[in-house]
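Enquirer: Below you'll find the structure I mean.
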2 protein chains.
Amino acid sequence: MDKLELCEANNVPLTPITFLKRASECYPTRTSIINGQTRFTWPQTYDRCCRLASSLISLNIAKNDVVSVVAPNIPAMYEMHFAVPMAGAVLNPINTRLDATSITAILRHAKPKILFIDRSFEPLAREILLLLPCENSQLNLRVIYIDEINSPRVVSPEELGYEGLIQRGEPTALLVSRMFRIQDEQDPISLNYTSGTTADPKGVVVTHRGTYLSTLSAIIGWEMGTCPVYLWTLPMFHCNGWTFTWATAARGGTNVCMRNVTAPEIYKNIEMHNVTHMCCAPTVFNILLRGNRLDLSQRSGPVHVLTGGSPPPPALVKKVQRFGFQVMHAYGLTEATGIIDTILNLLPENQQMELKARQGLGILGLAEVDIKNNETQESVPRDGKTMGEIFMKGSSIMKGYLNNPKATFEAFKHGWLNTGDVGVIHPDGHIEIKDRSKYIIISGGENISSVEVENVLYKHPKVLEAAVVAMPHPTWGETPCAFVVLQRGEDDKEDCEDKSLTRERDLINFCRDNLPHFTCPRKVVFLEELPKNGNGKILKPKLRDIAKGLVDDSKVNVTSEIVQRREDKLRVDRITSRL
Amino acid sequence: MDKLELCEANNVPLTPITFLKRASECYPTRTSIINGQTRFTWPQTYDRCCRLASSLISLNIAKNDVVSVVAPNIPAMYEMHFAVPMAGAVLNPINTRLDATSITAILRHAKPKILFIDRSFEPLAREILLLLPCENSQLNLRVIYIDEINSPRVVSPEELGYEGLIQRGEPTALLVSRMFRIQDEQDPISLNYTSGTTADPKGVVVTHRGTYLSTLSAIIGWEMGTCPVYLWTLPMFHCNGWTFTWATAARGGTNVCMRNVTAPEIYKNIEMHNVTHMCCAPTVFNILLRGNRLDLSQRSGPVHVLTGGSPPPPALVKKVQRFGFQVMHAYGLTEATGIIDTILNLLPENQQMELKARQGLGILGLAEVDIKNNETQESVPRDGKTMGEIFMKGSSIMKGYLNNPKATFEAFKHGWLNTGDVGVIHPDGHIEIKDRSKYIIISGGENISSVEVENVLYKHPKVLEAAVVAMPHPTWGETPCAFVVLQRGEDDKEDCEDKSLTRERDLINFCRDNLPHFTCPRKVVFLEELPKNGNGKILKPKLRDIAKGLVDDSKVNVTSEIVQRREDKLRVDRITSRL
């Protein structure tokens with residue numbers, strides 16, 4: 001067979017940027033973005049992105065330069081997912097819940113040339129600049145504010161604003177398209193930090209090819225049809241919104257932006273714009289349950305919800321489905337460029353609940369997913385029981401951690417991505433994530449999945465939220481300790497010790513009725529709120545620290561540190577985000 | 001930004017072969033293939049393919065060797081789409097309707113090491129071997145027959161049969177998986193001939209990467225959900241069944257095989273196996289209309305039909321939808337590795353019909369689709385009127401034509417795939433294919449799309465099939481001539497010239513009521529059947545030859561050559577397949 005040479009017509013790099021131009025051509029009248037009173041069409045979004053890209057180039061942004069952004073789910077945040085890589089640069093979306101110290105650590109590590117920051121974070125920006133005084137010039141960091149599009153604020157000519165960049169950008173798509181032609185699909189497109197801790201920041205580098213394939217896989221895995229109306233409940237800074245920043249363009253969808261994730265805002269947007277799809281962490285389910293049931297008679301169908309981050313308790317899924325939401329569970333990793341598997345939606349309801357708590361089938365974009373014994377590297381039997389670490393390989397896996405060869409080496413040991421997550425394979429081929437390996441409780445040599453205990457706690461009618469972590473035990477090494485938030489009305493203000501003990505005994509007995517006894521919590525701590533990070537993920541390391549101070553059967557001291565009052569939420573976010 | 005090296009975990013070649021292993025793991029109990037009484041599960045199909053691949057390797061099949069196959073839509077044909085590339089070789093599926101001369105021409109050009117041939121084609125195989133006497137040894141061609149799996153036929157030990165290869169193959173998937181690791185995703189996976197003519201055979205080389213991306217795009221474009229039941233009405237030899245050979249594995253679907261595409265067989269299979277999806281040329285619609293309406297009360301929904309090859313007349317689509325089929329139209333090319341765009345399914349029914357006759361939106365896998373003036377290379381305006389040639393580029397485009405640098409060069413002129421198809425872009429971004437450029441009728445300098453005239457003819461209640469081609473005209477250069485097959489009952493046996501003339505006038509007047517007069521046929525020829533190739537595509541070159549002999553307003557001579565009787569169908573196939 002003779003050797004045919006590739007040419008311009010058939011050797012085109014894979015990049016999600018192409019979805020935007022296609023959307024502008026294939027869906028010229030469809031609304032691309034809704035943000036309050038602001039609306040754009042796909043040709044307008046394409047034009048704005050071209051202009052921004054050309055302006056970035058005129059600011060000397062070059063290939064592989066990093067452009068950071070701190071912004072909520074606003075149109076600018078969406079546009080930058082295209083415009084920044086169109087300029088050849090790498091987008092670095094930063095968790096908006098981080099404090100100045102954590103963000104400064106990321107900036108020092110990522111070395112961006114530009115930091116775009118939403119005007120609402122102006123005090124934070126000032127704090128950041130104070131923390132970067134002498135380094136500022138070294139970093140050569142330019143801070144550019146994003147104002148509301150129709151903001152009455154007058155920006156001085158010397159102050160470069162986001163909208164100003166778009167206005168002065170080159171409108172000719174053709175000219176820009178020549179400029180931003182990606183040469184190598186393995187070039188980075190985004191830099192996503194997995195945590196905001198000051199030590200050892202891990203910046204996940206994902207590529208054009210990886211995000212392209214992840215986006216297609218996510219569309220197929222979720223069976224997202226054409227022209228969805230997508231509500232931005234999941235932060236775009238979170239792993240590029242699990243690649244749905246690009247998927248909505250690929251599907252000619254409408255992005256409904258939202259600054260604040262509250263029940264009234266969510267329901268208002270769903271009704272007003274006939275939302276069909278949204279993603280969120282399972283903790284958002286509790287927010288949804290504070291609203292009204294959707295009136296399905298007024299809609300063509302349920303709202304499809306993709307959830308991930310942590311396994312959703314089946315009882316919670318059941319409740320939220322009754323409210324008119326169709327839940328699919330995905331398991332994903334920043335290192336795997338978004339979601340890597342999803343669960344089938346085909347089984348009878350009772351089986352579905354069990355399956356939705358599992359994760360399911362490796363998505364198409366991944367070449368292989370396996371669960372192996374960490375020491376022998378042998379695949380575990382498909383018995384639904386034997387735990388092992390989840391390993392995967394495929395073109396959508398990250399390129400590595402930025403400037404962190406040690407962490408990169410560890411992540412890619414044995415030629416696979418070592419996820420650090422623990423799971424089992426069921427005989428039907430479904431993968432069930434049991435836990436992060438660091439959260440597995442080892443009691444008398446037996447592995448206990450904290451997630452399984454939590455799932456049982458969630459079935460108790462009085463439990464709103466639950467988290468289970470290891471507590472030291474003189475005999476067994478470790479034993480489970482549960483932290484529980486009760487449903488409102490259950491946590492009376494006039495608390496007394498007796499009542500708390502009765503409640504604790506009640507929950508422990510409930511677990512013993514539903515689980516092997518050695519896996520049941522020996523201690524239950526009642527909190528008003530669980531500590532969470534900016535993505536709504538429960539901060540288990542913090543709970544484990546508390547549990548370390550507790551001795552089995554001792555009186556529980558709910559310290560002032562952990563009883564985070566609701567009215568003190570902002571402070572809580574600042575504290576917890578450091579974890 | 002530092003340079004991260006790719007590694008084994010994140011640098012995995014894209015190939016549709018991976019879909020099979022994944023299907024065996026993710027859908028271990030699902031039926032992969034049904035063929036009469038034979039059924040396989042996905043793990044069985046994976047095992048059979050591993051065995052066949054290892055047997056092929058033991059027969060000295062090496063990287064980039066060609067393996068040809070002549071077989072209908074049977075399990076072996078499906079399996080070879082995985083097993084042959086798993087052995088590193090290139091699959092060459094040959095049109096089963098071709099005669100020995102045409103097949104010999106392909107074999108001489110493709111130089112396969114093995115020809116697999118279904119036992120039902122044994123006489124054809126003998127004819128082929130007679131035509132390849134001295135070359136046989138030069139070609140080093142080994143012919144291997146495919147018998148029914150449970151065939152009572154005793155194959156002598158020295159005769160190597162398809163099932164024998166599977167039986168003696170290496171069952172250890174692990175061993176095989178080490179062997180068939182694809183090194184370069186740009187390596188060829190399949191060699192698909194666009195025609196069986198003896199002169200200038202064009203063998204389209206498609207790659208692992210191209211077919212992988214095309215498969216994902218086809219799934220997304222058609223919105224093919226998980227676990228479809230796919231009826232094999234479209235021949236797998238036709239552009240790898242528009243990539244659905246691989247897509248059904250990607251989706252964990254069930255392949256319902258079928259040797260003969262007849263109305264009773266189609267309806268029987270749809271009912272028995274609850275078929276959800278099928279592909280076919282629009283001519284198959286006429287076969288479907290010979291059956292009964294589907295009983296939708298007994299089904300969860302309509303059968304989704306993807307059609308292509310030629311634009312389906314809207315009137316025909318309407319009829320077939322009433323029978324319970326949900327039609328989506330795709331436009332594709334062997335050179336573009338299957339379908340390249342599909343049409344939305346969202347509009348009200350009357351608009352849908354018009355849109356379904358158009359083609360629609362470039363699929364995601366393609367980087368760009370454009371319609372340009374062939375001479376200036378400028379994009380045509382998006383006015384739905386200005387015709388131009390369809391150009392495209394993207395990673396799913398073929399690698400080129402095998403051993404045909406001239407044709408390859410022509411196809412890739414200007415850095416795009418030059419499709420030779422003529423179309424317009426509508427203001428809403430939809431592409432409408434007007435015609436193959438060679439079938440455009442140029443009358444007094446005006447372009448007439450033969451397809452548009454045909455669409456009007458199909459609306460006439462008496463018309464079953466219609467094809468319009470150019471006829472010479474002393475004043476206008478060319479003028480349209482229509483070839484029409486009437487509905488049964490309309491083509492009375494006792495034909496007389498008067499009746500024929502009345503009918504002709506009737507149809508011409510009907511066209512004049514619905515089209516600009518210069519685009520209406522000036523001549524209508526009534527046939528009992530239109531000449532078609534093996535894929536059911538109407539052979540317009542043949543009709544044009546006939547039209548050349550006709551002078552405007554002269555008496556039509558329906559020659560014995562073109563009035564192909566239904567009872568003479570086999571002979572017709574042989575003749576027409578040479579065209």
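Each chain in the structure tokens gets a letter, A, B, ..., in the order shown, and its residues are numbered from 1; ligands are numbered from 1 in order too.
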From segment 167-413 of chain B, collect each residue whose DSSP state is strand (DSSP E or B) and return the set as a PyMOL selection string.
Expert: chain B and resi 188-193+203-207+229-231+254-256+258+277-280+303-307+325-333+338-342+360-362+366-372+379+388-394+400-401
Enquirer: Please provide as a list in words all residues within 6 Å of Ser396 of chain A, with the sequence filter that same-chain residues fewer than 2 positions apart are discarded (counting only C-alpha atoms).
Expert: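 Everything that qualifies: Gly210, Ser214 and Gly394 of chain A.
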Enquirer: Keeping only N, CA and C atoms, write the selected residues to a file as a JSON list (two decimals), in the first residue's frame.
Expert:
[["chain", "number", "residue", "atom", "x", "y", "z"],
["A", 210, "GLY", "N", -7.22, 17.14, 23.54],
["A", 210, "GLY", "CA", -7.89, 16.53, 24.69],
["A", 210, "GLY", "C", -9.26, 17.13, 24.95],
["A", 214, "SER", "N", -12.84, 15.35, 24.63],
["A", 214, "SER", "CA", -13.67, 15.31, 25.83],
["A", 214, "SER", "C", -15.04, 15.93, 25.57],
["A", 394, "GLY", "N", -5.84, 7.65, 27.59],
["A", 394, "GLY", "CA", -6.58, 8.14, 26.44],
["A", 394, "GLY", "C", -6.12, 9.53, 26.06]]
Enquirer: Hey, which of A:Gly88, A:Gly365, A:Gly420, A:Gly445 ends up closest to chain B? Count only C-alpha atoms.
Expert: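 For chain B, the nearest of the given residues is A:Gly365.
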Enquirer: As a VMD selection string, list the residues of segment 105-329 of chain A assigned to helix (DSSP H, G or I) by DSSP on the backbone atoms of this structure.
Expert: chain A and resid 105 to 110 119 to 131 133 to 139 162 to 168 173 to 179 208 to 222 239 to 242 244 to 250 263 to 273 283 to 288 296 to 298 314 to 322
Enquirer: Which chain B residues are at most 6 Å from chain A (counting only C-alpha atoms), as a PyMOL selection string?
Expert: chain B and resi 8-12+25-26+361+393-395+397+415-417+429
Enquirer: Can I get the selected residues back with all heavy atoms, as a short mmCIF file (atom, residue, chain, number, x, y, z; two decimals), in the first residue's frame?
Expert:
data_model
loop_
_atom_site.label_atom_id
_atom_site.label_comp_id
_atom_site.auth_asym_id
_atom_site.auth_seq_id
_atom_site.Cartn_x
_atom_site.Cartn_y
_atom_site.Cartn_z
N GLU B 8 2.61 7.46 27.43
CA GLU B 8 1.72 6.35 27.07
C GLU B 8 0.29 6.58 27.56
O GLU B 8 -0.67 6.15 26.93
CB GLU B 8 2.28 5.06 27.69
CG GLU B 8 1.81 3.79 27.03
CD GLU B 8 2.23 2.57 27.85
OE1 GLU B 8 3.30 2.61 28.49
OE2 GLU B 8 1.47 1.59 27.84
N ALA B 9 0.17 7.27 28.70
CA ALA B 9 -1.16 7.45 29.29
C ALA B 9 -2.03 8.44 28.53
O ALA B 9 -3.25 8.33 28.53
CB ALA B 9 -1.02 7.92 30.74
N ASN B 10 -1.38 9.45 27.90
CA ASN B 10 -2.20 10.50 27.27
C ASN B 10 -1.99 10.62 25.77
O ASN B 10 -2.57 11.49 25.13
CB ASN B 10 -1.94 11.85 27.96
CG ASN B 10 -0.48 12.26 27.91
OD1 ASN B 10 0.29 11.75 27.10
ND2 ASN B 10 -0.09 13.18 28.78
N ASN B 11 -1.19 9.75 25.22
CA ASN B 11 -0.93 9.82 23.78
C ASN B 11 -1.38 8.52 23.13
O ASN B 11 -0.58 7.68 22.76
CB ASN B 11 0.56 10.06 23.53
CG ASN B 11 0.82 10.45 22.09
OD1 ASN B 11 -0.09 10.86 21.36
ND2 ASN B 11 2.06 10.31 21.67
N VAL B 12 -2.67 8.37 23.02
CA VAL B 12 -3.23 7.12 22.52
C VAL B 12 -3.83 7.39 21.13
O VAL B 12 -4.63 8.30 20.97
CB VAL B 12 -4.32 6.60 23.48
CG1 VAL B 12 -4.89 5.30 22.99
CG2 VAL B 12 -3.76 6.45 24.89
N GLU B 25 -16.59 -4.68 27.49
CA GLU B 25 -16.50 -4.41 28.92
C GLU B 25 -17.71 -3.68 29.47
O GLU B 25 -18.18 -3.96 30.57
CB GLU B 25 -15.25 -3.57 29.21
CG GLU B 25 -13.96 -4.37 29.01
CD GLU B 25 -12.73 -3.50 28.97
OE1 GLU B 25 -12.86 -2.26 29.01
OE2 GLU B 25 -11.62 -4.06 28.87
N CYS B 26 -18.22 -2.73 28.69
CA CYS B 26 -19.31 -1.89 29.18
C CYS B 26 -20.68 -2.50 28.92
O CYS B 26 -21.65 -2.16 29.60
CB CYS B 26 -19.26 -0.51 28.55
SG CYS B 26 -17.84 0.46 29.04
N LEU B 361 -26.35 20.87 8.18
CA LEU B 361 -25.25 21.44 8.94
C LEU B 361 -24.04 20.55 8.84
O LEU B 361 -24.15 19.35 9.05
CB LEU B 361 -25.68 21.56 10.39
CG LEU B 361 -27.05 22.23 10.58
CD1 LEU B 361 -27.52 22.09 12.01
CD2 LEU B 361 -26.96 23.69 10.18
N LYS B 393 -12.87 20.55 4.52
CA LYS B 393 -11.60 20.09 5.05
C LYS B 393 -11.82 19.58 6.47
O LYS B 393 -12.76 19.98 7.15
CB LYS B 393 -10.54 21.19 5.00
CG LYS B 393 -10.86 22.45 5.77
CD LYS B 393 -9.66 23.39 5.80
CE LYS B 393 -9.28 23.98 4.45
NZ LYS B 393 -8.14 24.89 4.51
N GLY B 394 -10.95 18.71 6.89
CA GLY B 394 -11.10 18.16 8.23
C GLY B 394 -10.38 16.84 8.35
O GLY B 394 -9.97 16.23 7.34
N SER B 395 -10.24 16.40 9.58
CA SER B 395 -9.45 15.19 9.82
C SER B 395 -10.15 13.92 9.38
O SER B 395 -9.55 12.86 9.37
CB SER B 395 -9.10 15.09 11.30
OG SER B 395 -8.23 16.13 11.65
N ILE B 397 -11.48 13.59 6.43
CA ILE B 397 -11.35 13.47 4.97
C ILE B 397 -10.35 12.36 4.65
O ILE B 397 -9.39 12.14 5.39
CB ILE B 397 -10.87 14.82 4.37
CG1 ILE B 397 -11.82 15.97 4.74
CG2 ILE B 397 -10.66 14.72 2.87
CD1 ILE B 397 -13.16 15.92 4.11
N GLY B 415 -6.20 23.12 -1.37
CA GLY B 415 -6.16 22.82 0.07
C GLY B 415 -7.48 22.39 0.67
O GLY B 415 -7.66 22.40 1.88
N TRP B 416 -8.43 22.04 -0.20
CA TRP B 416 -9.72 21.55 0.26
C TRP B 416 -10.04 20.27 -0.49
O TRP B 416 -9.47 20.01 -1.55
CB TRP B 416 -10.83 22.57 -0.06
CG TRP B 416 -10.75 23.88 0.63
CD1 TRP B 416 -9.84 24.88 0.39
CD2 TRP B 416 -11.62 24.36 1.67
NE1 TRP B 416 -10.11 25.94 1.22
CE2 TRP B 416 -11.19 25.66 2.01
CE3 TRP B 416 -12.72 23.81 2.33
CZ2 TRP B 416 -11.81 26.43 2.99
CZ3 TRP B 416 -13.35 24.58 3.31
CH2 TRP B 416 -12.89 25.87 3.64
N LEU B 417 -10.98 19.48 0.05
CA LEU B 417 -11.52 18.39 -0.75
C LEU B 417 -12.53 18.99 -1.71
O LEU B 417 -13.50 19.62 -1.31
CB LEU B 417 -12.21 17.34 0.13
CG LEU B 417 -12.90 16.21 -0.65
CD1 LEU B 417 -11.89 15.32 -1.36
CD2 LEU B 417 -13.79 15.37 0.26
N GLY B 429 -27.96 29.11 7.21
CA GLY B 429 -26.76 28.31 7.38
C GLY B 429 -26.87 26.90 6.84
O GLY B 429 -25.90 26.15 6.85
#
Enquirer: For Asp295 of chain B, work out the shell of residues within 12 Å, counting only C-alpha atoms and skipping chain neighbours fewer than 6 positions away, then give it as a list in words.
Expert: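 In the requested format, the answer is Tyr267, Ile270, Glu271, Asn274, Gly301, Pro302, Val303, Arg322, Phe323, Gly324 and Phe325 of chain B.
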Enquirer: Can you write just those residues out, C-alpha atoms, as a short mmCIF file (atom, residue, chain, number, x, y, z; two decimals), in the first residue's frame?
Expert:
data_model
loop_
_atom_site.label_atom_id
_atom_site.label_comp_id
_atom_site.auth_asym_id
_atom_site.auth_seq_id
_atom_site.Cartn_x
_atom_site.Cartn_y
_atom_site.Cartn_z
CA TYR B 267 -40.75 -5.36 8.45
CA ILE B 270 -38.19 -4.41 12.71
CA GLU B 271 -41.00 -6.13 14.57
CA ASN B 274 -37.70 -3.83 17.92
CA GLY B 301 -41.18 5.23 18.97
CA PRO B 302 -40.63 5.45 15.22
CA VAL B 303 -37.76 3.78 13.40
CA ARG B 322 -46.58 8.32 7.62
CA PHE B 323 -45.54 4.67 7.71
CA GLY B 324 -43.80 5.20 11.06
CA PHE B 325 -40.28 6.06 9.94
#
Enquirer: Which distance in Å separates atom CA of Ala482 of chain B and atom CA of Ala467 of chain B, to one decimal?
Expert: 5.7 Å
Enquirer: Give me the residues near segment 138-153 of chain B as a ChimeraX atom specification, where near means some atom within 8 Å (using only C-alpha atoms) and where sequence neighbours in that chain fewer than 6 positions away do not count.
Expert: /B:38,76,108,111-119,160-163
Enquirer: Using only C-alpha atoms, which residues sit within 7 Å of Val484 of chain A once same-chain residues fewer than 6 positions away are excluded, as a PyMOL selection string?
Expert: chain A and resi 463+465-467+524-527
Enquirer: Could you tell me how far atom CA of Met236 of chain A sits from atom CA of Met80 of chain A, in Å to one decimal place?
Expert: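 Interatomic distance here is 10.6 Å.
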Enquirer: Please identify all polymer residues within 12 Å of Glu378 of chain B, counting only C-alpha atoms, omitting same-chain residues fewer than 2 positions from it, and present them as a PyMOL selection string.
Expert: chain B and resi 370-376+380-381+386-391+414
Enquirer: Write out as a list in words which residues come within 9 Å of Lys438 of chain B when counting only C-alpha atoms, dropping same-chain ones fewer than 3 positions away.
Expert: Gly420, Asp421, Val422, Asp435 and Ile441 of chain B
